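Text of structure_34.tsv, listed as TSV, C-alpha atoms:
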```tsv
chain	number	residue	atom	x	y	z
A	1	TRP	CA	111.27	131.74	117.37
A	2	VAL	CA	108.81	133.44	115.05
A	3	ALA	CA	105.04	133.74	115.29
A	4	ILE	CA	102.57	134.97	112.70
A	5	SER	CA	100.06	137.00	114.68
A	6	SER	CA	96.92	138.84	113.73
A	7	PRO	CA	96.27	141.47	112.71
A	8	ALA	CA	99.23	142.40	110.52
A	9	GLN	CA	102.12	141.53	112.77
A	10	ILE	CA	104.78	138.92	113.22
A	11	LEU	CA	106.49	138.37	116.56
A	12	VAL	CA	110.19	137.49	116.68
A	13	VAL	CA	111.84	136.23	119.87
A	14	PRO	CA	115.58	136.55	119.28
A	15	PRO	CA	115.99	136.30	122.66
A	16	GLU	CA	114.00	139.48	123.34
A	17	PRO	CA	110.55	139.82	121.73
A	18	VAL	CA	110.43	142.07	118.66
A	19	SER	CA	107.18	142.91	116.90
A	20	VAL	CA	107.24	143.71	113.17
A	21	THR	CA	104.17	145.52	111.83
A	22	LEU	CA	103.03	144.63	108.31
A	23	SER	CA	100.52	146.17	105.91
A	24	ALA	CA	98.09	143.27	106.42
A	25	THR	CA	97.93	139.81	107.99
A	26	ALA	CA	100.77	137.44	107.09
A	27	GLN	CA	100.14	133.96	105.71
A	28	ASP	CA	103.52	132.19	105.71
A	29	PHE	CA	107.24	132.81	106.10
A	30	VAL	CA	110.56	131.19	105.33
A	31	HIS	CA	114.06	131.87	106.69
A	32	ASP	CA	116.97	132.49	104.32
A	33	ALA	CA	119.92	131.73	106.58
A	34	ALA	CA	122.56	132.52	103.95
A	35	ARG	CA	121.24	136.06	103.42
A	36	GLU	CA	120.04	136.53	107.03
A	37	LEU	CA	116.54	137.35	105.85
A	38	PHE	CA	112.94	136.31	106.41
A	39	TYR	CA	110.44	136.30	103.55
A	40	VAL	CA	106.84	136.81	104.71
A	41	SER	CA	103.80	136.46	102.45
A	42	VAL	CA	101.01	139.04	102.86
A	43	PRO	CA	98.10	137.97	100.62
A	44	ASP	CA	95.86	141.02	101.06
A	45	SER	CA	98.68	143.33	99.95
A	46	ASP	CA	99.92	141.14	97.06
A	47	GLU	CA	103.43	141.28	98.46
A	48	VAL	CA	106.23	139.31	100.05
A	49	VAL	CA	107.94	141.33	102.76
A	50	VAL	CA	111.69	140.95	103.22
A	51	ILE	CA	112.81	141.29	106.84
A	52	SER	CA	116.34	141.29	108.20
A	53	SER	CA	116.98	138.50	110.70
A	54	HIS	CA	119.82	140.66	111.99
A	55	ASP	CA	117.89	143.68	113.27
A	56	TYR	CA	114.32	142.71	112.21
A	57	SER	CA	113.83	145.76	110.02
A	58	ILE	CA	111.84	145.61	106.78
A	59	VAL	CA	114.41	145.89	104.02
A	60	ASP	CA	112.23	145.40	100.93
A	61	THR	CA	108.83	144.35	99.60
A	62	ILE	CA	108.36	142.20	96.50
A	63	THR	CA	105.14	142.55	94.54
A	64	VAL	CA	103.78	139.06	93.86
A	65	SER	CA	100.21	138.91	92.58
A	66	PRO	CA	97.64	137.67	93.25
A	67	ARG	CA	97.55	136.74	96.93
A	68	PRO	CA	100.91	135.14	97.75
A	69	SER	CA	100.34	132.31	100.21
A	70	GLY	CA	102.71	129.40	100.90
A	71	LEU	CA	106.45	129.97	100.51
A	72	ASP	CA	109.57	127.83	100.14
A	73	LEU	CA	113.22	128.34	99.26
A	74	SER	CA	114.93	126.37	96.53
A	75	HIS	CA	117.61	123.95	97.68
A	76	ASP	CA	120.34	126.12	96.15
A	77	GLY	CA	118.93	129.27	97.81
A	78	SER	CA	118.53	131.17	94.54
A	79	THR	CA	114.75	131.11	94.17
A	80	LEU	CA	111.71	131.76	96.34
A	81	PHE	CA	108.70	129.64	95.36
A	82	VAL	CA	105.32	131.29	95.99
A	83	ALA	CA	101.86	129.73	95.87
A	84	LEU	CA	99.42	132.24	94.34
A	85	ASN	CA	96.08	131.75	96.06
A	86	GLN	CA	92.94	132.19	93.90
A	87	ALA	CA	95.05	132.00	90.75
A	88	GLY	CA	95.88	128.31	90.33
A	89	ARG	CA	99.48	129.33	89.78
A	90	VAL	CA	102.88	129.48	91.41
A	91	ALA	CA	105.55	132.16	91.01
A	92	TYR	CA	109.33	131.92	90.96
A	93	VAL	CA	111.15	134.88	92.52
A	94	ASP	CA	114.84	135.44	91.77
A	95	LEU	CA	116.38	136.33	95.12
A	96	THR	CA	119.30	138.21	93.61
A	97	THR	CA	117.07	140.70	91.79
A	98	ARG	CA	113.95	140.12	93.97
A	99	THR	CA	111.75	139.96	90.91
A	100	VAL	CA	109.25	137.43	89.61
A	101	THR	CA	110.91	135.54	86.78
A	102	ASP	CA	108.18	133.04	85.94
A	103	THR	CA	104.63	131.98	86.79
A	104	ILE	CA	103.37	128.44	86.21
A	105	ASP	CA	99.68	127.73	85.65
A	106	ILE	CA	98.70	124.45	87.33
A	107	GLY	CA	95.03	125.16	87.99
A	108	THR	CA	93.84	122.25	85.85
A	109	GLU	CA	96.13	119.78	87.60
A	110	LEU	CA	95.30	121.14	91.07
A	111	GLY	CA	91.58	120.90	90.40
A	112	HIS	CA	91.02	124.31	91.99
A	113	SER	CA	92.40	127.84	91.80
A	114	ALA	CA	92.99	128.20	95.57
A	115	THR	CA	96.72	127.42	95.49
A	116	TRP	CA	97.77	127.05	99.11
A	117	ASP	CA	101.19	125.62	100.01
A	118	ILE	CA	104.42	124.82	98.19
A	119	LEU	CA	107.54	122.75	98.89
A	120	GLU	CA	110.65	121.95	96.90
A	121	ALA	CA	110.79	118.40	98.25
A	122	ARG	CA	114.00	117.62	96.36
A	123	PRO	CA	115.97	119.74	93.87
A	124	ASP	CA	113.67	120.80	91.00
A	125	TRP	CA	110.73	118.75	92.36
A	126	ILE	CA	108.10	121.21	93.62
A	127	LEU	CA	104.97	120.00	95.39
A	128	VAL	CA	101.89	122.25	95.43
A	129	SER	CA	98.56	121.98	97.27
A	130	ALA	CA	95.24	123.84	97.07
A	131	ASN	CA	92.68	124.77	99.72
A	132	PRO	CA	89.14	124.87	98.33
A	133	GLY	CA	87.81	123.88	101.75
A	134	SER	CA	84.43	122.20	101.54
A	135	ALA	CA	83.60	124.05	98.32
A	136	GLY	CA	85.43	121.77	95.91
A	137	PHE	CA	88.07	119.14	95.28
A	138	ALA	CA	91.83	119.49	94.96
A	139	TYR	CA	94.91	117.37	94.44
A	140	ILE	CA	98.65	117.47	95.08
A	141	VAL	CA	100.66	118.52	92.03
A	142	LEU	CA	104.33	117.96	91.22
A	143	ILE	CA	106.13	120.56	89.08
A	144	ARG	CA	109.36	119.29	87.52
A	145	ARG	CA	111.64	122.27	86.84
A	146	ASP	CA	114.20	119.88	85.35
A	147	ILE	CA	111.81	118.94	82.53
A	148	GLY	CA	110.35	122.29	81.53
A	149	ASN	CA	108.05	122.82	84.52
A	150	ALA	CA	105.91	119.82	83.58
A	151	ALA	CA	103.04	119.50	86.08
A	152	THR	CA	101.28	116.26	87.04
A	153	ARG	CA	98.96	115.07	89.78
A	154	VAL	CA	100.70	112.86	92.32
A	155	ALA	CA	99.98	111.42	95.80
A	156	SER	CA	98.11	108.47	94.25
A	157	ASN	CA	95.56	110.93	92.84
A	158	ARG	CA	94.08	111.36	96.32
A	159	ILE	CA	91.72	114.26	96.98
A	160	ILE	CA	93.61	116.36	99.57
A	161	ARG	CA	91.82	119.67	100.03
A	162	ALA	CA	91.58	120.63	103.71
A	163	ALA	CA	94.14	123.47	104.00
A	164	PRO	CA	97.01	121.02	103.33
A	165	ARG	CA	100.49	121.99	104.48
A	166	PHE	CA	103.74	120.29	103.51
A	167	HIS	CA	106.49	119.12	105.86
A	168	ARG	CA	110.00	118.23	104.79
A	169	ASP	CA	111.63	114.93	105.78
A	170	PRO	CA	115.29	115.51	106.82
A	171	THR	CA	116.36	112.50	104.74
A	172	ALA	CA	114.67	113.93	101.60
A	173	ALA	CA	113.28	110.45	100.95
A	174	PHE	CA	109.72	111.46	101.79
A	175	ALA	CA	107.44	114.46	102.12
A	176	TYR	CA	104.43	114.79	104.40
A	177	VAL	CA	101.10	116.56	103.91
A	178	GLY	CA	98.91	117.49	106.86
A	179	GLU	CA	95.32	118.70	106.57
A	180	GLY	CA	93.89	121.51	108.68
A	181	PHE	CA	90.33	120.29	109.16
A	182	SER	CA	88.21	117.16	108.68
A	183	PRO	CA	89.33	114.52	107.90
A	184	ASN	CA	92.55	115.92	109.50
A	185	SER	CA	94.61	113.37	107.61
A	186	LEU	CA	98.37	113.05	107.52
A	187	TYR	CA	99.91	111.62	104.33
A	188	LYS	CA	103.40	110.31	103.63
A	189	LEU	CA	104.65	110.74	100.05
A	190	ASP	CA	107.46	108.66	98.52
A	191	LEU	CA	109.96	110.86	96.66
A	192	SER	CA	111.88	107.94	95.16
A	193	ALA	CA	109.28	107.55	92.38
A	194	ALA	CA	108.30	110.09	89.73
A	195	THR	CA	104.63	109.54	90.60
A	196	VAL	CA	105.30	110.46	94.27
A	197	PRO	CA	102.78	107.92	95.57
A	198	THR	CA	101.09	108.02	98.96
A	199	THR	CA	102.63	105.33	101.19
A	200	MET	CA	100.83	106.18	104.43
A	201	GLU	CA	97.61	107.85	105.48
A	202	ARG	CA	96.43	108.52	109.02
A	203	SER	CA	93.09	110.19	109.63
A	204	ALA	CA	91.94	112.19	112.64
A	205	VAL	CA	95.48	113.40	113.42
A	206	ARG	CA	95.14	116.43	115.64
A	207	ASN	CA	97.08	119.48	114.33
A	208	ALA	CA	98.15	117.46	111.28
A	209	ARG	CA	98.88	120.56	109.19
A	210	THR	CA	100.99	122.18	111.94
A	211	SER	CA	103.23	119.22	112.73
A	212	ALA	CA	107.00	119.21	112.45
A	213	MET	CA	109.39	116.51	111.31
A	214	THR	CA	112.30	115.73	113.60
A	215	ALA	CA	115.41	113.64	113.06
A	216	PRO	CA	115.51	110.69	112.98
A	217	ALA	CA	112.87	110.64	110.28
A	218	SER	CA	110.99	107.77	111.89
A	219	ARG	CA	109.53	110.21	114.41
A	220	PHE	CA	106.77	112.62	113.46
A	221	PRO	CA	105.34	114.32	116.56
A	222	ALA	CA	102.16	116.38	116.25
A	223	VAL	CA	103.65	119.63	117.57
A	224	ARG	CA	101.49	122.74	117.28
A	225	PHE	CA	103.21	125.37	115.13
A	226	SER	CA	100.18	127.54	114.39
A	227	THR	CA	101.04	130.11	117.05
A	228	LEU	CA	104.80	129.75	117.32
A	229	ARG	CA	107.41	128.35	114.96
A	230	ARG	CA	111.06	127.72	115.68
A	231	LEU	CA	113.59	128.55	112.97
A	232	ARG	CA	117.02	126.99	112.82
A	233	ARG	CA	119.54	129.78	112.56
A	234	SER	CA	123.14	129.60	111.45
A	235	ALA	CA	125.85	130.19	114.02
A	236	PRO	CA	127.06	133.80	114.24
```
Would you mind giving the structure from this file in structure tokens?
Amino acid sequence: WVAISSPAQILVVPPEPVSVTLSATAQDFVHDAARELFYVSVPDSDEVVVISSHDYSIVDTITVSPRPSGLDLSHDGSTLFVALNQAGRVAYVDLTTRTVTDTIDIGTELGHSATWDILEARPDWILVSANPGSAGFAYIVLIRRDIGNAATRVASNRIIRAAPRFHRDPTAAFAYVGEGFSPNSLYKLDLSAATVPTTMERSAVRNARTSAMTAPASRFPAVRFSTLRRLRRSAP
């Protein structure tokens, strides 16, 4: 289990609690099971911290600017995708060299510069959200790495702006987007079409942005992950 705590710490329970102190408050993390590493975004320090899932030591920091926010691993494990908050961009980090190899400007398509979360929903299909809060409008954008990082608005062109977080469907047939405040909507996105249309919307879903998908994919319980998240780890 891993928790992002404040200020500037994450808590790992491996089975015994281990606290890892960071330079500033963490925003998101992802587990790289193949390399036995965690990647943790720290927006105020413009860095992604690399932590061993073996002994929970900090093994490296990757400068990713400005304000790295949401994170996701590519399906093949070679690339870390990073949402750059306040920049309207996303970064690709090569995990062999731990360097930024590309940044993609999608501010126009997002409708706002406050890039928030990111998900490779299927190989080379990257979904991105923004979080302007009540100060503006934003949309879900699909980046197609397989066709030159072409970016288009998807999700039926719905305005989805309330701290939206993505959730992966185990079947890879759908993706889900949960909002963090009013209207607290939960959206289901169809990955079988290039337009990734919205096929379901439920409003007033408590903890919609912190829900987790379970198998079978027909079940989507609203489980609070904001204080504690469980990571699936490979067998020793």
| said: Residues near segment 110-119 of chain A, anyone? I mean within 7 Å using only C-alpha atoms, not counting same-chain ones fewer than 6 positions away, as a list in words. | reply: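 The residues satisfying every condition are Ser69, Gly70, Leu71, Asp72, Val82, Ala83, Leu84, Asn85, Gln86, Ala87, Gly88, Arg89, Ile126, Leu127, Val128, Ser129, Ala130, Asn131, Pro132, Phe137, Ala138, Tyr139, Ile140, Val141, Arg165 and Phe166 of chain A.
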Keeping only C-alpha atoms, write those residues as a compact mmCIF listing (two decimals), in the coordinates of the input.
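Result saved to part-v9.txt:
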```txt
# COMPACT_ATOMS: atom_id res chain seq x y z
CA SER A 69 100.34 132.31 100.21
CA GLY A 70 102.71 129.40 100.90
CA LEU A 71 106.45 129.97 100.51
CA ASP A 72 109.57 127.83 100.14
CA VAL A 82 105.32 131.29 95.99
CA ALA A 83 101.86 129.73 95.87
CA LEU A 84 99.42 132.24 94.34
CA ASN A 85 96.08 131.75 96.06
CA GLN A 86 92.94 132.19 93.90
CA ALA A 87 95.05 132.00 90.75
CA GLY A 88 95.88 128.31 90.33
CA ARG A 89 99.48 129.33 89.78
CA ILE A 126 108.10 121.21 93.62
CA LEU A 127 104.97 120.00 95.39
CA VAL A 128 101.89 122.25 95.43
CA SER A 129 98.56 121.98 97.27
CA ALA A 130 95.24 123.84 97.07
CA ASN A 131 92.68 124.77 99.72
CA PRO A 132 89.14 124.87 98.33
CA PHE A 137 88.07 119.14 95.28
CA ALA A 138 91.83 119.49 94.96
CA TYR A 139 94.91 117.37 94.44
CA ILE A 140 98.65 117.47 95.08
CA VAL A 141 100.66 118.52 92.03
CA ARG A 165 100.49 121.99 104.48
CA PHE A 166 103.74 120.29 103.51
```
| request: Could you check how far atom CA of Pro17 of chain A sits from atom CA of Asp55 of chain A, in Å to one decimal? | output: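 Going from atom CA of Pro17 of chain A over to atom CA of Asp55 of chain A, I get 11.8 Å.
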| query | Between A:Val49, A:Ala34, A:Leu73, A:Ala194, which has the minimum distance to Arg153 of chain A (counting all atoms listed in the file)? | reply | A:Ala194
Nearby residues (only C-alpha atoms) at most 8 Å from His75 of chain A, same-chain spacing under 6 positions excluded, as a CSV table (one decimal) with C-alpha atoms, in the coordinates of the input:
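Here's the written file out-v8.csv:
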```
chain,number,residue,atom,x,y,z
A,120,GLU,CA,110.6,122.0,96.9
A,122,ARG,CA,114.0,117.6,96.4
A,123,PRO,CA,116.0,119.7,93.9
```
| message | Counting only C-alpha atoms, I want the residues whose atoms come within 8 Å of (103.8, 111.3, 94.8) in the file frame, returned as a PyMOL selection string. | response | chain A and resi 142+153-156+189-191+193-198
Output of the above residues as a JSON list (two decimals), keeping the file's coordinate frame, restricted to C-alpha atoms:
```
[["chain", "number", "residue", "atom", "x", "y", "z"],
["A", 142, "LEU", "CA", 104.33, 117.96, 91.22],
["A", 153, "ARG", "CA", 98.96, 115.07, 89.78],
["A", 154, "VAL", "CA", 100.70, 112.86, 92.32],
["A", 155, "ALA", "CA", 99.98, 111.42, 95.80],
["A", 156, "SER", "CA", 98.11, 108.47, 94.25],
["A", 189, "LEU", "CA", 104.65, 110.74, 100.05],
["A", 190, "ASP", "CA", 107.46, 108.66, 98.52],
["A", 191, "LEU", "CA", 109.96, 110.86, 96.66],
["A", 193, "ALA", "CA", 109.28, 107.55, 92.38],
["A", 194, "ALA", "CA", 108.30, 110.09, 89.73],
["A", 195, "THR", "CA", 104.63, 109.54, 90.60],
["A", 196, "VAL", "CA", 105.30, 110.46, 94.27],
["A", 197, "PRO", "CA", 102.78, 107.92, 95.57],
["A", 198, "THR", "CA", 101.09, 108.02, 98.96]]
```
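One finds atom CA of Asp146 of chain A at 7.9 Å from atom CA of Trp125 of chain A.
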| Protein and nucleic acid residues near (100.9, 113.3, 101.7) (cut-off 7 Å, only C-alpha atoms) as a list in words | Ala155, Ala175, Tyr176, Val177, Gly178, Leu186, Tyr187, Lys188, Leu189 and Thr198 of chain A
| said: Which residues are near Phe29 of chain A? Cut-off 9 Å, all atoms listed in the file, ignore same chain within fewer than 2 positions. Put them as an NGL selection string. | reply: :A and (4 or 26-27 or 31 or 38-41 or 48 or 70-72)
| request: Have a look at atom CA of Phe81 of chain A and atom CA of Asn157 of chain A and let me know their distance in Å, one decimal. | output: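 Value for the atom CA of Phe81 of chain A-atom CA of Asn157 of chain A distance: 23.0 Å.
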| query | Smallest atom-to-atom distance to Ile58 of chain A: which of A:Met200, A:Leu22, A:Val93, A:Ala33, using only C-alpha atoms? | reply |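 Under the stated criterion, the closest residue is A:Leu22.
Residue nearest Thr25 of chain A, chosen from A:Asp102, A:Asp60, A:Asp46, A:Glu201 and counting only C-alpha atoms: A:Asp46.
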| request: Name the closest residue to Arg158 of chain A among the candidates A:Ser182, A:Thr199, A:Arg144, A:Ala172; distances are taken between atoms, counting only C-alpha atoms. | output: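 Of A:Ser182, A:Thr199, A:Arg144, A:Ala172, the one nearest Arg158 of chain A, counting only C-alpha atoms, is A:Thr199.
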| Counting only C-alpha atoms, the option among A:Thr108, A:Ala150, A:Ala121, A:Phe181 closest to His167 of chain A |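 Checking each of A:Thr108, A:Ala150, A:Ala121, A:Phe181 against His167 of chain A, counting only C-alpha atoms, the winner is A:Ala121.
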| message | Ranking A:Leu95, A:Ala173, A:Ile143, A:Leu37 by minimum distance to Ser192 of chain A and counting all atoms listed in the file, which one comes first? | response |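 So, comparing all the options, the nearest one is A:Ala173.
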